[in-house]
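Participant: One structure, as structure tokens, below. Some questions next.
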Amino acid sequence: MILFKKIRWKNLLSTGNSFTEIDLNREGSTLIIGENGAGKSTILDALSFVLYGKPFRNINKGLLVNTINQKSMEVQIEFITNNRTYLVKRGSKPTIFEIYQDGQMIDQNAEQKEYQEMFEKQILKLNSKSFNQIVILGSASFTPFMQLSAPNRREIIEDLLDIQIFSKMNNLLKDKVTKNKQDIVEAVFTVKSLEDKIQMHKEFERVLKENDQQVIEQHKVQISNLEEDNVKFQSIVDIKDSEYIKLEKEEQTLLKKLKKQTKLKDMKYKVELKVSKIKDDISFFHDNDDCPTCKQQITDEFKKETVEDKHKQIKELKDGINQIQQEINNIDPFFKEHEQLTAKMQLINVEKDNVQADIKVNKKLISNYKDEIKRLESTKVEEDKEINDLPVWKKDLEFVQQQQEKLQKDKQVLEVAGLLLKDTGIKTKIIKQYIPVINKLINKYLASMDFFVNFELNENFEETIKSRFRDAFTYESFSEGEKMRIDLALLFTWRSIAKLRNSASTNLLIMDEVFDSSLDNSGTDEFMKIINALTNDNNMFIISHKGDQLFDKFHNVIKFEKHKNFSRIAK
């Protein structure tokens, strides 16, 4: 578990040259308030910067430095994990990145990237994506779990369940498979070479009594034939190279088309969001007779004209969606074509490797024949030495054959290990064991916020949502308030799973303007019940500009204010 203690920063965004410090381990829930621009959300960028070297919000890292002082930006954080106390300092202008363990600075590598990788994998054991799913729920650059891609969802779950080791093992296994394959090829080649040597030696003994010149001529013919074969083989290799290059170009063309489909799907998603927004506007005119801003009455004629115009917009957008879908459907066949093309390219490589292996064997044979010719042409053949070599070659052959057999057995073991370490192997089995627990927790938190649906994730992290009165539907079918309840339920679920596994467990939870967007009064009250239930072993920080409505609901209040153009904590 990571126990965050304190964080302090200076010259960060609107903060001045004096450190602003917040106790992250204070008891109970804490409300952070302030006017817009007072700096109440700066803690999010401070956390993200000091831990991961980048801002939380979608801004350029260079803009984190205070624009008035323009230097000496620094963030420090103290935390405890694995019974060790850590202090991390990170800054800009000048650049600072130092990690202290129990008061001693950990030696820095030459590259900051390696230092950061060590920090995340060996100390934090929590990457930024997982951090933003179980520690921070913000209205800026936070991406809810349900809006992440399938690979990113899987990465977060693997991180929470602490099963990334299997991915690392799979990468190591690939190296072993490659080494095993190379060793087998080398063993096959060595066996062939020794067998040829032994066979040629036996043949040599047989023909010693014959005319040496006749043997030499035979070897020359054999060499000539092998060289002619190698010319043909090389021609085949060149043809295969040409075919492969041609297929590569075709593959690039297909990949562009497949990439276009991804863009089309994204475009379709955005248009569908726009249709949903227009429908909300139509509902507004149906449900309201007065303007909530200016308090003036909305005439029926204006309503009718506006609604008709909105319906026309919806029709045009739906026509556009149909056209986009048609283009997506037109691209679908290219996936099969790409799969077939990839198979052809793999087959070409296999055929090319086989021919190159034949060339290599022929070259070795040519070398052996030339050695034999040289020996025969010498003034005296050392028959005794040649006879003594035969037992050695046979012994070497027996040893290499045993090694080859062992390598084949190793290959079978590696293939089984490969099946186990794939995404569909051990990791999926572990995830399947946790899926019922995850779904139970999600539905528990949804019910606690009076959102009674049956929400289920499968092992591919695809959702199925059913209600009592409707058929199955998706996350995108809900209103923003309902989506927020789902996001909160998932956030609390990941924290519970992290605590259960003790893989990414932490005492800290920060929410940025959760109460200021989609939660209504009822949702807020139910959400506060969950927060109060979690404050026993969690330190909650809630950022909001609705302080007057929430004062009595929190144990602590921190107020940020602007003083002489700099943000500070009000006294």
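Residues are referred to by chain and number: the chain letter is A, B, ... according to the order shown in the structure tokens, the number counts from 1 in that chain, and ligands are numbered separately from 1 in the order shown.
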For A:Asn329, list every protein, DNA or RNA residue within 12 Å, evaluated using only C-alpha atoms, and leave out those in the same chain fewer than 5 positions away; present the list as a VMD selection string.

Facilitator: chain A and resid 257 to 258 260 to 262 264 to 265 322 to 324 334 to 335

Participant: Between stretch 258-346 of chain A and stretch 227-244 of chain A, at 10 Å or less, what are the per-residue closest atom pairs and their distances in Å? Count only C-alpha atoms, order by chain and rising residue number, and return it as a tab-separated table.

Facilitator:
```
residue	atom	partner	partner_atom	distance
A:Lys344	CA	A:Tyr244	CA	8.6
A:Met345	CA	A:Tyr244	CA	6.1
A:Gln346	CA	A:Tyr244	CA	9.2
```

Participant: So which residues touch A:Asn60 within 12 Å, counting only C-alpha atoms, skipping near sequence neighbours fewer than 4 positions away, as a ChimeraX atom specification?

Facilitator: /A:13,45,49,53-56,64-65

Participant: Residues of stretch 245-277 of chain A that have any atom at most 12 Å from an atom of stretch 282-286 of chain A: could you tabulate them with the shortest-distance atom pair and the distance in Å to one decimal, using only C-alpha atoms, ordered by chain and increasing number, as CSV?

Facilitator:
```
residue,atom,partner,partner_atom,distance
A:Val275,CA,A:Ile282,CA,10.6
A:Ser276,CA,A:Ile282,CA,9.9
A:Lys277,CA,A:Ile282,CA,8.8
```

Participant: Give me the residues within 8 Å of A:Phe492 as a list in words, counting only C-alpha atoms and dropping any in the same chain fewer than 3 places off.

Facilitator: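 Listing them by chain and then by number gives Ile134, Ile442, Tyr445, Leu488, Ala489, Arg495 and Ser496 of chain A.
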
Participant: Please dump the current selection as a CSV table (one decimal), in the first residue's frame; keep C-alpha atoms.

Facilitator:
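Writing the result to out19.csv gives the following:
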```csv
chain,number,residue,atom,x,y,z
A,134,ILE,CA,-8.2,4.7,-8.6
A,442,ILE,CA,-20.0,-2.3,-9.1
A,445,TYR,CA,-22.0,1.0,-5.3
A,488,LEU,CA,-18.0,6.6,-9.5
A,489,ALA,CA,-19.0,3.0,-9.0
A,495,ARG,CA,-10.0,0.9,-5.1
A,496,SER,CA,-11.7,-2.0,-3.4
```

Participant: Taking only C-alpha atoms into account, name the residue in A:Asn109, A:Ser92, A:Thr15, A:Gln213 that is nearest to A:Arg375.

Facilitator: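 Checking each candidate against A:Arg375, we get A:Gln213 as the closest.
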
Participant: Run DSSP on the backbone and tell me which residues of stretch 73-278 of chain A come out as helix (DSSP H, G or I); list them as a VMD selection string.

Facilitator: chain A and resid 112 to 124 128 to 134 145 to 147 150 to 160 164 to 207 212 to 278

Participant: Would you mind reading off the distance between atom CA of A:Asn443 and atom CA of A:Phe455, one decimal, in Å?

Facilitator: 6.2 Å

Participant: Give me every strand (DSSP E or B) residue in stretch 262-499 of chain A, going by DSSP on the backbone, as a ChimeraX atom specification.

Facilitator: /A:290,297,454-457,463-466,473

Participant: Could you jot down the atom CA of A:Gln433 to atom CA of A:Tyr475 separation for me, Å, one decimal place?

Facilitator: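 Straight-line distance from atom CA of A:Gln433 to atom CA of A:Tyr475 works out to 23.6 Å.
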